[in-house]
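Reading through the structure tokens given below for one structure.
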Amino acid sequence: MVPRLRRAAPAPAVSTPDEATAHLPQTSVLIFDRDLHVRTVAGATLGERELADLSDSCRGALAGETVVREYRSPDDARAYWLQVVPMRDDGGAIVGAMAVSLDITERANVEEALRRSEERFRKAFDEAPTGMALVGLDGRLEQVNASLCDITGYPPSELVGRSLASIVHPEDAAGEIEQLQRLLAGERDTHRGELRVMHSSGHPLTAALHAAAIRGSTGAPDHLLLQIQDITDRKRFEDQLQFMADHDPLTGLLNRRGFERELERHISRVKRYGVEGALLALDLDHFKYINDTLGHNAGDELISRVTGVLRGRLRSSDVLARLGGDEFAVLLPRADGDQARTVAEALLASVRDEEIHLNPQRPSHITTSVGVTVFDDEELTGEEMLIRADLAMYDAKEAGRDRVAFYANGAQAEPRMRARLTWVDRIREALRENRLLLHAQPIVSLRPELPSMYEMLLRMVDENGDLIPPSTFLYVAERFGLIGEIDRWVATQAVDLLEQAAGAGRAVPLSVNVSAKSLGDTELLSLIEGLLGTRAVPPEMLIFEITETAAIANIQPARRFAERLRELGCRLALDDFGSGFGSFYYLKHLPFDFLKIDGEFVTNCLGSPTDQLLIEAVVSIAQGLGKLTIAEFTPDQETLDFLRSRGVDFTQSYFTGAPGPVQETELVADAYRGATAGAGA
């Protein structure tokens with residue numbers, strides 16, 4: 001309870017100056033006659049204003065009253081306790097008045113400070129935006145504020161006197177009351193937690209609790225001060241954010257992050273109780289063709305329809321996830337190999353039999369390929385299990401699609417599966433031994449005011465020192481979760497090169513490719529942000545390329561990725577523009593700086609009026625948006641002259657500059673500039 005001040009008991013009445021001075025040190029004693037003239041003074045001399053102030057009290061004494069009061073001196077602001085009593089003669093007649101004044105300034109100042117502190121506390125308590133309550137040793141609410149009444153829905157008259165346990169959810173009450181009892185026992189001073197508070201209407205609210213023990217005069221706790229804040233909306237928002245972090249926005253299924261968490265939980269159970277369960281990897285057949293021909297919205301509709309089909313064939317205990325694009329995974333916690341095959345074949349049949357109207361003219365029938373692996377080793381990680389299922393799924397695709405394939409281990413493994421596993425190991429070894437390197441290909445300016453640029457192209461060095469082209473190993477790296485580490489390595493190398501160029505006084509823009517798998521990689525974004533924050537690199541010199549086909553299946557991650565890069569000052573290039581149905585959709589939704597015109601339109605454009613019109617249209621759109629264009633696969637000088645005449649800004653091809661080791665980049669660029677200068681470049 002808020003402490004209340006008690007005033008000290010008044011000093012005993014005195015009737016003679018001698019008694020007053022004997023019992024009341026630091027006092028002043030004044031004797032007044034009936035005309036209020038001072039006859040006797042003992043102690044300090046009072047000023048005229050103080051004497052005038054005493055006159056009213058003396059009149060009361062002359063009327064037979066005993067006057068006791070406290071007052072502040074108007075002269076020096078000191079505080080006094082005053083008692084004025086009538087003085088009588090032997091016959092009992094009042095002949096004067098005696099005033100005894102005790103200096104209580106120190107005590108009064110302490111009391112005033114306490115009073116103001118109490119007022120501040122009471123004001124803070126009553127007007128606090130969080131619920132406040134004072135709880136006694138019996139666990140009952142002794143004092144509450146308006147905010148707590150708002151939170152619980154009870155008026156003060158119904159809250160005060162109620163037990164704290166009565167407004168806490170029954171499932172939370174025991175644990176929280178135990179913690180509060182520890183406070184009252186003096187075992188700790190404060191407690192923080194979360195609990196559910198019951199509203200008067202009967203529904204629970206999530207609340208943050210802070211409790212502190214208030215100690216009495218003996219030093220032992222005698223009350224608890226509670227602060228209760230309604231965090232229901234905040235918790236709901238946090239839960240929504242957590243759901244969004246772990247679920248695919250299109251289908252509502254677990255995403256890769258959420259599924260990997262479920263997979264790790266199952267692996268923990270396997271290690272504790274023994275091997276059990278199976279993992280399925282599913283991939284739609286010919287999904288890219290559907291996206292390219294019918295567009296992004298048709299692809300989304302297909303994914304949603306297939307999700308419904310898969311859900312309808314699985315049990316509530318099975319875990320279904322969309323790992324990205326057209327990739328799904330299913331965890332069957334209790335299945336053995338035969339049961340997993342039955343489920344996989346049922347899923348195949350369900351997808352195959354579903355009639356999906358993506359094209360208004362005729363319905364479509366979609367198929368899928370499924371890879372299956374069973375949990376047969378307690379030491380396998382979730383990543384290894386996903387790789388196994390992925391390997392089996394690709395065996396199903398290569399065997400003709402629309403079928404199930406099982407992962408085979410050791411000598412039983414198919415040659416294709418063994419080859420992929422070998423490549424996974426080789427890529428990991430190359431990463432460990434730093435056997436990746438960059439080549440650079442010039443992106444040559446067709447306008448004198450624009451500087452040429454370079455695209456970083458990845459190579460791998462094998463055990464014998466020979467170069468391995470990216471087409472050989474990047475596909476495996478993407479499928480088996482190694483591409484993120486590769487993309488981060490490439491970004492780091494590009495920033496190092498830019499820093500070296502800047503240190504030499506050169507501004508050389510470098511373009512870096514980003515895998516579709518890395519568009520949602522927060523580690524990559526954090527790395528780029530950290531590099532740009534600590535290196536002397538102009539961020540506009542760093543360009544990131546996203547292929548249109550990568551953006552098709554990852555439009556929202558691609559957009560977030562691109563927007564963050566723009567915030568950091570980097571630039572974005574949309575590669576292979578024109579290769580898909582939804583090209584113009586991405587012009588609207590991605591904050592790009594460069595459009596790379598797909599080489600399909602460039603290679604034979606001189607003999608194709610259609611290709612020429614498409615090139616002119618892309619250039620016109622880019623110029624209207626204030627963006628730059630890059631033409632890929634320029635085959636010869638005549639085509640280059642045509643592209644320049646149509647307003648294309650850059651070109652990139654083996655004709656204008658073949659890829660070469662980074663250290664030779666400037667030689668390649670200088671050689672080309674010298675060759676084209678005489679041709680009117």
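Identifiers for the structure tokens are assigned positionally: chains receive A, B, ... in sequence, residues are indexed from 1 per chain, and ligands are indexed from 1 in the order shown.
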Please provide the set of residues having any atom within 12 Å of segment 212-214 of chain A, restricted to only C-alpha atoms, with same-chain residues fewer than 4 positions apart removed, written as a PyMOL selection string.
chain A and resi 1-3+132-137+179-192+218-228
Find the residues around Asp402 of chain A up to 7 Å (only C-alpha atoms counted), leave out those fewer than 5 positions away in its own chain, and share them as a short mmCIF file (atom, residue, chain, number, x, y, z; two decimals) with N, CA and C atoms, in the first residue's frame.
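New file result-v2.cif:
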```cif
data_model
loop_
_atom_site.label_atom_id
_atom_site.label_comp_id
_atom_site.auth_asym_id
_atom_site.auth_seq_id
_atom_site.Cartn_x
_atom_site.Cartn_y
_atom_site.Cartn_z
N LEU A 348 2.03 -38.84 -56.82
CA LEU A 348 2.21 -38.78 -58.27
C LEU A 348 0.88 -38.87 -59.00
N THR A 367 2.58 -33.23 -64.25
CA THR A 367 3.22 -34.38 -63.61
C THR A 367 4.34 -33.89 -62.71
N THR A 368 4.79 -34.79 -61.87
CA THR A 368 5.87 -34.46 -60.94
C THR A 368 6.81 -35.64 -60.82
N SER A 369 8.01 -35.37 -60.36
CA SER A 369 9.00 -36.41 -60.10
C SER A 369 9.31 -36.41 -58.61
#
```
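Minimum atom-to-atom distance to Arg352 of chain A, evaluated using only C-alpha atoms, belongs to A:Asp285 out of A:Phe375, A:Leu595, A:Gly60, A:Asp285.
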Name the residues in contact with segment 482-499 of chain A at a cut-off of 9 Å, using only C-alpha atoms, excluding same-chain residues fewer than 2 positions from it; report them as a ChimeraX atom specification.
/A:424,427-428,431,436-438,456-458,474-480,501-504,506-515,517-518,521,523-524,527-528,531-532,535-538,541-542,662
Calculate how many Å separate atom CA of Glu238 of chain A from atom CA of Val197 of chain A, rounding to one decimal.
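It comes out at 18.7 Å.
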Residue set, segment 121-301 of chain A restricted to strand (DSSP E), as JSON, numbers by chain:
{"A": [131, 132, 133, 134, 135, 136, 141, 142, 143, 144, 190, 191, 192, 193, 194, 195, 196, 197, 198, 204, 205, 206, 207, 208, 209, 210, 211, 212, 213, 214, 215, 221, 222, 223, 224, 225, 226, 227, 228, 229, 230, 278, 279, 280, 281, 282, 283, 284]}
Please dump the current selection as an mmCIF file, in the first residue's frame; keep C-alpha atoms.
```cif
data_model
loop_
_atom_site.group_PDB
_atom_site.id
_atom_site.type_symbol
_atom_site.label_atom_id
_atom_site.label_comp_id
_atom_site.auth_asym_id
_atom_site.auth_seq_id
_atom_site.Cartn_x
_atom_site.Cartn_y
_atom_site.Cartn_z
ATOM 1 C CA GLY A 131 -1.599 -1.522 -15.234
ATOM 2 C CA MET A 132 -0.417 -1.019 -11.651
ATOM 3 C CA ALA A 133 -1.438 -2.910 -8.531
ATOM 4 C CA LEU A 134 -0.358 -3.077 -4.899
ATOM 5 C CA VAL A 135 -0.701 -6.598 -3.510
ATOM 6 C CA GLY A 136 -0.673 -7.504 0.170
ATOM 7 C CA LEU A 141 -5.160 -6.444 -4.591
ATOM 8 C CA GLU A 142 -5.148 -3.482 -2.215
ATOM 9 C CA GLN A 143 -4.767 -0.689 -4.716
ATOM 10 C CA VAL A 144 -5.176 -0.532 -8.522
ATOM 11 C CA THR A 190 12.147 -8.424 -8.763
ATOM 12 C CA HIS A 191 10.476 -10.793 -11.194
ATOM 13 C CA ARG A 192 9.712 -10.469 -14.909
ATOM 14 C CA GLY A 193 7.555 -12.790 -16.939
ATOM 15 C CA GLU A 194 4.631 -13.245 -19.288
ATOM 16 C CA LEU A 195 1.214 -14.510 -18.309
ATOM 17 C CA ARG A 196 -2.353 -14.523 -19.473
ATOM 18 C CA VAL A 197 -4.681 -12.135 -17.669
ATOM 19 C CA MET A 198 -8.372 -12.979 -17.709
ATOM 20 C CA PRO A 204 -7.488 -14.142 -21.934
ATOM 21 C CA LEU A 205 -5.020 -11.368 -22.753
ATOM 22 C CA THR A 206 -1.269 -11.833 -22.994
ATOM 23 C CA ALA A 207 0.503 -9.533 -20.548
ATOM 24 C CA ALA A 208 4.055 -8.682 -19.555
ATOM 25 C CA LEU A 209 4.511 -8.723 -15.781
ATOM 26 C CA HIS A 210 7.080 -6.886 -13.687
ATOM 27 C CA ALA A 211 6.874 -7.361 -9.925
ATOM 28 C CA ALA A 212 8.958 -5.741 -7.203
ATOM 29 C CA ALA A 213 8.956 -6.334 -3.442
ATOM 30 C CA ILE A 214 8.254 -3.336 -1.185
ATOM 31 C CA ARG A 215 9.937 -3.633 2.191
ATOM 32 C CA PRO A 221 8.734 -7.397 2.214
ATOM 33 C CA ASP A 222 5.176 -6.510 3.127
ATOM 34 C CA HIS A 223 3.719 -5.627 -0.288
ATOM 35 C CA LEU A 224 4.271 -6.315 -3.975
ATOM 36 C CA LEU A 225 4.125 -3.624 -6.624
ATOM 37 C CA LEU A 226 2.975 -5.089 -9.961
ATOM 38 C CA GLN A 227 3.210 -3.580 -13.429
ATOM 39 C CA ILE A 228 1.025 -5.352 -15.981
ATOM 40 C CA GLN A 229 1.188 -4.396 -19.668
ATOM 41 C CA ASP A 230 -1.184 -5.759 -22.302
ATOM 42 C CA ALA A 278 11.126 -41.051 -44.687
ATOM 43 C CA LEU A 279 11.766 -37.870 -46.667
ATOM 44 C CA LEU A 280 10.310 -37.071 -50.100
ATOM 45 C CA ALA A 281 11.551 -34.439 -52.569
ATOM 46 C CA LEU A 282 9.070 -33.418 -55.292
ATOM 47 C CA ASP A 283 9.682 -31.258 -58.331
ATOM 48 C CA LEU A 284 7.077 -30.352 -60.960
#
```
Could you pull out all residues of segment 85-297 of chain A with a DSSP call of alpha helix (DSSP H) and give them as a ChimeraX atom specification?
/A:105-127,146-152,156-159,170-184,232-246,256-273,287-294,296-297
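Counting only C-alpha atoms, the residue from A:Gly96, A:Ala335, A:Ile290, A:Val619 that sits nearest to Arg39 of chain A is A:Gly96.
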Give me, as a VMD selection string, all polymer residues having an atom no more than 7 Å from Thr603 of chain A, counting only C-alpha atoms and skipping those fewer than 2 positions away in the same chain.
chain A and resid 599 to 601 605 633 to 635
Residue contacts of Asn604 of chain A (12 Å, only C-alpha atoms) excluding same-chain residues fewer than 5 positions away, as a VMD selection string:
chain A and resid 598 to 599 609 to 612 615 632 to 636 638 to 640 642 to 643
Spatial neighbours of segment 308-312 of chain A, max dist 7 Å, only C-alpha atoms, sep filter under 6 positions, as a PyMOL selection string
chain A and resi 347+350-351
Output all heavy atoms of each residue in that selection to a file, as a compact mmCIF listing (two decimals), in the first residue's frame.
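As a result, again.txt now contains:
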```txt
# COMPACT_ATOMS: atom_id res chain seq x y z
N LEU A 347 0.85 -39.57 -54.39
CA LEU A 347 1.02 -38.16 -54.72
C LEU A 347 1.22 -37.97 -56.21
O LEU A 347 0.66 -37.04 -56.81
CB LEU A 347 2.22 -37.59 -53.95
CG LEU A 347 2.09 -37.51 -52.42
CD1 LEU A 347 3.38 -37.01 -51.80
CD2 LEU A 347 0.92 -36.62 -52.01
N SER A 350 -2.15 -38.37 -57.89
CA SER A 350 -3.07 -37.26 -57.60
C SER A 350 -2.73 -36.04 -58.43
O SER A 350 -3.62 -35.36 -58.96
CB SER A 350 -3.01 -36.91 -56.11
OG SER A 350 -3.45 -38.00 -55.33
N VAL A 351 -1.44 -35.73 -58.56
CA VAL A 351 -1.05 -34.58 -59.36
C VAL A 351 -1.35 -34.83 -60.83
O VAL A 351 -1.87 -33.97 -61.55
CB VAL A 351 0.46 -34.28 -59.16
CG1 VAL A 351 0.92 -33.19 -60.13
CG2 VAL A 351 0.73 -33.84 -57.72
```
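Proximity of A:Leu164, A:Leu250, A:Ala349, A:Leu446 to Ser304 of chain A, computed with only C-alpha atoms, is greatest for A:Leu250.
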